[in-house]
$ cat run03.cif   # mmCIF, C-alpha atoms and all ligand atoms; chains and numbers go by the auth columns
data_target
#
loop_
_atom_site.group_PDB
_atom_site.id
_atom_site.type_symbol
_atom_site.label_atom_id
_atom_site.label_comp_id
_atom_site.label_asym_id
_atom_site.label_seq_id
_atom_site.Cartn_x
_atom_site.Cartn_y
_atom_site.Cartn_z
_atom_site.B_iso_or_equiv
_atom_site.auth_seq_id
_atom_site.auth_asym_id
ATOM 1 C CA MET A 1 94.094 83.694 107.523 0.00 1194 A
ATOM 2 C CA ILE A 2 95.396 83.541 103.957 0.00 1195 A
ATOM 3 C CA LEU A 3 96.865 86.720 102.444 0.00 1196 A
ATOM 4 C CA LEU A 4 97.891 87.449 98.861 0.00 1197 A
ATOM 5 C CA PHE A 5 100.576 90.069 98.180 0.00 1198 A
ATOM 6 C CA PRO A 6 100.418 90.862 94.450 0.00 1199 A
ATOM 7 C CA GLY A 7 102.779 92.850 92.290 0.00 1200 A
ATOM 8 C CA SER A 8 104.936 93.052 89.194 0.00 1201 A
ATOM 9 C CA PHE A 9 108.139 92.771 91.266 0.00 1202 A
ATOM 10 C CA ASP A 10 110.264 93.886 88.304 0.00 1203 A
ATOM 11 C CA PRO A 11 112.572 93.454 90.211 0.00 1204 A
ATOM 12 C CA PRO A 12 111.670 92.897 93.870 0.00 1205 A
ATOM 13 C CA THR A 13 113.103 95.551 96.210 0.00 1206 A
ATOM 14 C CA CYS A 14 114.007 95.776 99.888 0.00 1207 A
ATOM 15 C CA GLY A 15 110.600 97.415 100.328 0.00 1208 A
ATOM 16 C CA HIS A 16 108.873 94.308 98.941 0.00 1209 A
ATOM 17 C CA ALA A 17 111.063 92.074 101.127 0.00 1210 A
ATOM 18 C CA ASP A 18 110.046 94.095 104.190 0.00 1211 A
ATOM 19 C CA ILE A 19 106.335 93.694 103.383 0.00 1212 A
ATOM 20 C CA ILE A 20 106.791 89.930 102.825 0.00 1213 A
ATOM 21 C CA LYS A 21 108.505 89.581 106.197 0.00 1214 A
ATOM 22 C CA ARG A 22 105.908 91.602 108.118 0.00 1215 A
ATOM 23 C CA ALA A 23 102.868 90.159 106.302 0.00 1216 A
ATOM 24 C CA SER A 24 104.089 86.588 106.842 0.00 1217 A
ATOM 25 C CA GLN A 25 103.982 87.244 110.594 0.00 1218 A
ATOM 26 C CA LEU A 26 100.315 88.266 110.422 0.00 1219 A
ATOM 27 C CA CYS A 27 98.814 85.250 108.690 0.00 1220 A
ATOM 28 C CA ASP A 28 98.859 81.479 108.414 0.00 1221 A
ATOM 29 C CA LYS A 29 99.756 81.542 104.738 0.00 1222 A
ATOM 30 C CA LEU A 30 101.092 84.305 102.511 0.00 1223 A
ATOM 31 C CA TYR A 31 100.988 83.982 98.739 0.00 1224 A
ATOM 32 C CA VAL A 32 103.271 86.342 96.870 0.00 1225 A
ATOM 33 C CA GLY A 33 101.582 86.721 93.483 0.00 1226 A
ATOM 34 C CA VAL A 34 103.763 87.710 90.545 0.00 1227 A
ATOM 35 C CA LEU A 35 101.818 89.275 87.685 0.00 1228 A
ATOM 36 C CA VAL A 36 102.492 87.795 84.257 0.00 1229 A
ATOM 37 C CA ASN A 37 102.063 91.174 82.655 0.00 1230 A
ATOM 38 C CA ILE A 38 100.790 90.895 79.111 0.00 1231 A
ATOM 39 C CA LYS A 39 100.335 94.670 78.693 0.00 1232 A
ATOM 40 C CA LYS A 40 103.579 95.890 80.224 0.00 1233 A
ATOM 41 C CA GLN A 41 107.002 94.946 78.927 0.00 1234 A
ATOM 42 C CA CYS A 42 108.881 93.769 82.004 0.00 1235 A
ATOM 43 C CA LEU A 43 112.661 93.919 82.341 0.00 1236 A
ATOM 44 C CA TYR A 44 112.726 90.430 83.850 0.00 1237 A
ATOM 45 C CA PRO A 45 110.734 87.415 82.631 0.00 1238 A
ATOM 46 C CA VAL A 46 108.212 86.051 85.095 0.00 1239 A
ATOM 47 C CA GLU A 47 110.315 82.932 85.806 0.00 1240 A
ATOM 48 C CA LYS A 48 113.187 85.112 86.978 0.00 1241 A
ATOM 49 C CA ARG A 49 110.965 87.342 89.123 0.00 1242 A
ATOM 50 C CA VAL A 50 109.513 84.209 90.738 0.00 1243 A
ATOM 51 C CA GLU A 51 113.010 82.861 91.384 0.00 1244 A
ATOM 52 C CA MET A 52 114.087 86.146 92.996 0.00 1245 A
ATOM 53 C CA LEU A 53 111.021 86.151 95.260 0.00 1246 A
ATOM 54 C CA ARG A 54 111.548 82.487 96.190 0.00 1247 A
ATOM 55 C CA ARG A 55 115.058 83.335 97.346 0.00 1248 A
ATOM 56 C CA ILE A 56 113.750 86.285 99.366 0.00 1249 A
ATOM 57 C CA SER A 57 110.953 84.167 100.910 0.00 1250 A
ATOM 58 C CA ALA A 58 112.999 81.027 101.551 0.00 1251 A
ATOM 59 C CA VAL A 59 113.391 81.830 105.259 0.00 1252 A
ATOM 60 C CA TYR A 60 109.617 82.034 105.841 0.00 1253 A
ATOM 61 C CA SER A 61 107.927 78.629 106.022 0.00 1254 A
ATOM 62 C CA ASN A 62 104.405 80.004 105.374 0.00 1255 A
ATOM 63 C CA VAL A 63 105.234 81.973 102.204 0.00 1256 A
ATOM 64 C CA GLU A 64 104.618 80.624 98.706 0.00 1257 A
ATOM 65 C CA VAL A 65 105.453 82.445 95.492 0.00 1258 A
ATOM 66 C CA ILE A 66 103.011 81.962 92.608 0.00 1259 A
ATOM 67 C CA ALA A 67 102.563 83.544 89.183 0.00 1260 A
ATOM 68 C CA PHE A 68 99.180 84.760 87.983 0.00 1261 A
ATOM 69 C CA ASP A 69 97.775 86.326 84.859 0.00 1262 A
ATOM 70 C CA GLY A 70 94.463 88.030 84.263 0.00 1263 A
ATOM 71 C CA LEU A 71 92.561 89.671 87.071 0.00 1264 A
ATOM 72 C CA LEU A 72 93.855 89.846 90.620 0.00 1265 A
ATOM 73 C CA ALA A 73 90.284 89.272 91.812 0.00 1266 A
ATOM 74 C CA ASP A 74 90.282 85.882 90.056 0.00 1267 A
ATOM 75 C CA ALA A 75 93.671 84.985 91.560 0.00 1268 A
ATOM 76 C CA ALA A 76 92.360 85.895 95.016 0.00 1269 A
ATOM 77 C CA LYS A 77 89.447 83.475 94.548 0.00 1270 A
ATOM 78 C CA LYS A 78 91.666 80.740 93.077 0.00 1271 A
ATOM 79 C CA PHE A 79 94.097 80.811 96.008 0.00 1272 A
ATOM 80 C CA GLY A 80 91.396 81.264 98.655 0.00 1273 A
ATOM 81 C CA ALA A 81 92.796 84.583 99.873 0.00 1274 A
ATOM 82 C CA ASP A 82 90.891 86.168 102.748 0.00 1275 A
ATOM 83 C CA ALA A 83 92.521 89.497 101.881 0.00 1276 A
ATOM 84 C CA LEU A 84 94.985 91.173 99.575 0.00 1277 A
ATOM 85 C CA ILE A 85 97.913 92.923 101.171 0.00 1278 A
ATOM 86 C CA LYS A 86 99.727 95.955 99.774 0.00 1279 A
ATOM 87 C CA GLY A 87 102.482 98.259 100.952 0.00 1280 A
ATOM 88 C CA LEU A 88 101.815 101.999 101.003 0.00 1281 A
ATOM 89 C CA ARG A 89 104.719 104.421 100.661 0.00 1282 A
ATOM 90 C CA ASN A 90 102.941 107.713 100.094 0.00 1283 A
ATOM 91 C CA SER A 91 99.670 109.427 99.208 0.00 1284 A
ATOM 92 C CA ALA A 92 100.064 108.645 95.498 0.00 1285 A
ATOM 93 C CA ASP A 93 100.179 104.931 96.356 0.00 1286 A
ATOM 94 C CA TYR A 94 97.079 105.392 98.492 0.00 1287 A
ATOM 95 C CA GLN A 95 95.073 107.118 95.720 0.00 1288 A
ATOM 96 C CA TYR A 96 95.839 104.315 93.296 0.00 1289 A
ATOM 97 C CA GLU A 97 95.328 101.491 95.771 0.00 1290 A
ATOM 98 C CA ARG A 98 92.036 102.883 97.058 0.00 1291 A
ATOM 99 C CA ASP A 99 90.534 102.584 93.566 0.00 1292 A
ATOM 100 C CA MET A 100 91.981 99.102 93.023 0.00 1293 A
ATOM 101 C CA ALA A 101 90.614 97.986 96.404 0.00 1294 A
ATOM 102 C CA GLN A 102 87.116 99.076 95.372 0.00 1295 A
ATOM 103 C CA ILE A 103 87.355 97.167 92.098 0.00 1296 A
ATOM 104 C CA ASN A 104 88.648 94.013 93.771 0.00 1297 A
ATOM 105 C CA MET A 105 85.964 94.211 96.455 0.00 1298 A
ATOM 106 C CA ALA A 106 83.291 94.556 93.774 0.00 1299 A
ATOM 107 C CA LEU A 107 84.672 91.673 91.692 0.00 1300 A
ATOM 108 C CA ALA A 108 85.632 89.159 94.372 0.00 1301 A
ATOM 109 C CA GLY A 109 84.350 90.494 97.706 0.00 1302 A
ATOM 110 C CA VAL A 110 87.951 90.507 98.855 0.00 1303 A
ATOM 111 C CA GLU A 111 89.292 93.019 101.370 0.00 1304 A
ATOM 112 C CA THR A 112 92.535 94.911 100.786 0.00 1305 A
ATOM 113 C CA LEU A 113 94.795 95.479 103.790 0.00 1306 A
ATOM 114 C CA TYR A 114 97.723 97.878 103.850 0.00 1307 A
ATOM 115 C CA LEU A 115 101.043 97.920 105.597 0.00 1308 A
ATOM 116 C CA GLN A 116 102.786 101.246 105.874 0.00 1309 A
ATOM 117 C CA ALA A 117 106.160 100.994 104.185 0.00 1310 A
ATOM 118 C CA ASP A 118 109.148 101.230 106.458 0.00 1311 A
ATOM 119 C CA GLN A 119 110.066 104.939 106.593 0.00 1312 A
ATOM 120 C CA SER A 120 113.616 104.194 105.446 0.00 1313 A
ATOM 121 C CA ARG A 121 112.260 102.590 102.261 0.00 1314 A
ATOM 122 C CA THR A 122 109.668 105.038 100.952 0.00 1315 A
ATOM 123 C CA ALA A 123 111.895 106.175 98.067 0.00 1316 A
ATOM 124 C CA VAL A 124 112.677 102.643 96.913 0.00 1317 A
ATOM 125 C CA SER A 125 110.756 101.333 93.925 0.00 1318 A
ATOM 126 C CA SER A 126 111.308 98.795 91.172 0.00 1319 A
ATOM 127 C CA SER A 127 111.443 101.634 88.636 0.00 1320 A
ATOM 128 C CA VAL A 128 114.206 103.406 90.583 0.00 1321 A
ATOM 129 C CA VAL A 129 116.155 100.139 90.684 0.00 1322 A
ATOM 130 C CA ARG A 130 115.691 99.625 86.921 0.00 1323 A
ATOM 131 C CA GLU A 131 116.937 103.178 86.293 0.00 1324 A
ATOM 132 C CA LEU A 132 120.017 102.578 88.427 0.00 1325 A
ATOM 133 C CA LEU A 133 120.710 99.288 86.651 0.00 1326 A
ATOM 134 C CA ALA A 134 120.394 100.972 83.246 0.00 1327 A
ATOM 135 C CA PHE A 135 123.186 103.395 84.142 0.00 1328 A
ATOM 136 C CA ASN A 136 125.351 100.996 86.142 0.00 1329 A
ATOM 137 C CA GLY A 137 124.375 102.576 89.443 0.00 1330 A
ATOM 138 C CA ASP A 138 124.900 100.714 92.690 0.00 1331 A
ATOM 139 C CA VAL A 139 121.673 98.969 93.710 0.00 1332 A
ATOM 140 C CA ALA A 140 123.051 97.441 96.915 0.00 1333 A
ATOM 141 C CA GLY A 141 120.825 98.573 99.746 0.00 1334 A
ATOM 142 C CA PHE A 142 117.798 98.884 97.472 0.00 1335 A
ATOM 143 C CA VAL A 143 117.391 95.195 96.608 0.00 1336 A
ATOM 144 C CA PRO A 144 117.901 92.177 98.881 0.00 1337 A
ATOM 145 C CA GLU A 145 121.479 90.901 98.740 0.00 1338 A
ATOM 146 C CA CYS A 146 120.324 87.363 97.914 0.00 1339 A
ATOM 147 C CA ILE A 147 119.105 88.423 94.434 0.00 1340 A
ATOM 148 C CA ILE A 148 121.947 90.736 93.395 0.00 1341 A
ATOM 149 C CA ASP A 149 123.566 88.041 91.233 0.00 1342 A
ATOM 150 C CA LEU A 150 120.300 87.619 89.286 0.00 1343 A
ATOM 151 C CA LEU A 151 120.052 91.279 88.273 0.00 1344 A
HETATM 152 O O1 LIG B . 103.759 96.073 91.450 0.00 1401 B
HETATM 153 P P1 LIG B . 102.631 96.712 90.705 0.00 1401 B
HETATM 154 O O2 LIG B . 102.946 96.803 89.228 0.00 1401 B
HETATM 155 O O3 LIG B . 102.213 98.024 91.274 0.00 1401 B
HETATM 156 O O4 LIG B . 101.395 95.687 90.869 0.00 1401 B
HETATM 157 C C1 LIG B . 100.167 95.983 90.282 0.00 1401 B
HETATM 158 C C2 LIG B . 99.183 94.817 90.362 0.00 1401 B
HETATM 159 C C3 LIG B . 99.801 93.502 89.904 0.00 1401 B
HETATM 160 C C4 LIG B . 98.726 94.648 91.786 0.00 1401 B
HETATM 161 C C5 LIG B . 98.019 95.232 89.438 0.00 1401 B
HETATM 162 O O5 LIG B . 98.519 95.594 88.185 0.00 1401 B
HETATM 163 C C6 LIG B . 96.980 94.138 89.229 0.00 1401 B
HETATM 164 O O6 LIG B . 96.239 93.821 90.125 0.00 1401 B
HETATM 165 N N1 LIG B . 96.972 93.574 88.002 0.00 1401 B
HETATM 166 C C7 LIG B . 96.052 92.487 87.626 0.00 1401 B
HETATM 167 C C8 LIG B . 94.913 93.002 86.732 0.00 1401 B
HETATM 168 C C9 LIG B . 93.789 93.562 87.594 0.00 1401 B
HETATM 169 O O7 LIG B . 93.181 92.841 88.350 0.00 1401 B
HETATM 170 N N2 LIG B . 93.576 94.895 87.502 0.00 1401 B
HETATM 171 C C10 LIG B . 92.624 95.597 88.344 0.00 1401 B
HETATM 172 C C11 LIG B . 91.259 95.703 87.763 0.00 1401 B
HETATM 173 S S1 LIG B . 91.192 96.685 86.304 0.00 1401 B
#
$ encode --input "run03.cif" --output "structure tokens"
Amino acid sequence: MILLFPGSFDPPTCGHADIIKRASQLCDKLYVGVLVNIKKQCLYPVEKRVEMLRRISAVYSNVEVIAFDGLLADAAKKFGADALIKGLRNSADYQYERDMAQINMALAGVETLYLQADQSRTAVSSSVVRELLAFNGDVAGFVPECIIDLL
């Protein structure tokens, strides 16, 4: 089975790293898809987000980090994904993801699978990390140690 884990990853967090680890154990191949976001101004350029995710994924032989632009449904077809995989932290995530899953099913016939976020990581998000970075807060514990020097 081929899975695609998409996101902005601006920057990747410990929550993302946990999903990558657990999803990689469930499939033959896991693509981590980094959105080249033309609408949203990202803090980190796509090349840097890809580099961070490659460091995080280096220990898993079946994980490949790719960048995509445009529709996720098209990326799923391009990379032959049997399913998309997302992490769910709370009911707000679920509401949003449920709608996206319907759209992606309609566009590409692709299923969306969910992993429940580790309970110790439900408050961690890329936006919280960006806020901490903006005010020189300590992000250790919220992002994987291997990418701290890139932040
Ligand atoms: O980490 P994020 O920002 O929550 O990830 C969101 C992502 C990349 C999964 C979502 O923005 C996405 O799928 N973008 C691609 C455009 C698309 O297919 N949109 C849905 C149909 S309108």
$ closest_residue --input "run03.cif" --among "A:Gly1263, A:Gly1330, A:Pro1238, A:Pro1205" --to "ligand LIG 1401 (chain B)" --atoms "all atoms listed in the file"
A:Gly1263
$ residues_near_point --input "run03.cif" --point "(115.8, 93.4, 101.6)" --cutoff "8 Å" --atoms "only C-alpha atoms" --output "list in words"
Thr1206, Cys1207, Gly1208, His1209, Ala1210, Asp1211, Ile1249, Gly1334, Phe1335, Val1336, Pro1337 and Glu1338 of chain A
$ atom_distance --input "run03.cif" --atom1 "atom CA of Ala1268 of chain A" --atom2 "atom CA of Ser1250 of chain A"
19.7 Å
$ closest_atom_pairs --input "run03.cif" --of "chain A" --to "ligand LIG 1401 (chain B)" --cutoff "7 Å" --atoms "all atoms listed in the file" --output "JSON lines"
{"residue": "A:Pro1199", "atom": "CA", "partner": "B:LIG1401", "partner_atom": "C4", "distance": 4.9}
{"residue": "A:Gly1200", "atom": "CA", "partner": "B:LIG1401", "partner_atom": "O4", "distance": 3.5}
{"residue": "A:Ser1201", "atom": "CA", "partner": "B:LIG1401", "partner_atom": "O1", "distance": 3.9}
{"residue": "A:Phe1202", "atom": "CA", "partner": "B:LIG1401", "partner_atom": "O1", "distance": 5.5}
{"residue": "A:Leu1228", "atom": "CA", "partner": "B:LIG1401", "partner_atom": "C3", "distance": 5.2}
{"residue": "A:Asp1262", "atom": "CA", "partner": "B:LIG1401", "partner_atom": "C7", "distance": 7.0}
{"residue": "A:Gly1263", "atom": "CA", "partner": "B:LIG1401", "partner_atom": "C8", "distance": 5.6}
{"residue": "A:Leu1264", "atom": "CA", "partner": "B:LIG1401", "partner_atom": "O7", "distance": 3.5}
{"residue": "A:Leu1265", "atom": "CA", "partner": "B:LIG1401", "partner_atom": "O7", "distance": 3.8}
{"residue": "A:Ala1266", "atom": "CA", "partner": "B:LIG1401", "partner_atom": "O7", "distance": 5.8}
{"residue": "A:Met1293", "atom": "CA", "partner": "B:LIG1401", "partner_atom": "C10", "distance": 5.9}
{"residue": "A:Ile1296", "atom": "CA", "partner": "B:LIG1401", "partner_atom": "C11", "distance": 6.0}
{"residue": "A:Asn1297", "atom": "CA", "partner": "B:LIG1401", "partner_atom": "C11", "distance": 6.8}
$ closest_residue --input "run03.cif" --among "A:Lys1214, A:Lys1241, A:Arg1323, A:Lys1271" --to "Leu1343 of chain A" --atoms "only C-alpha atoms"
A:Lys1241
$ atom_distance --input "run03.cif" --atom1 "atom CA of Val1317 of chain A" --atom2 "atom CA of Cys1220 of chain A"
25.2 Å
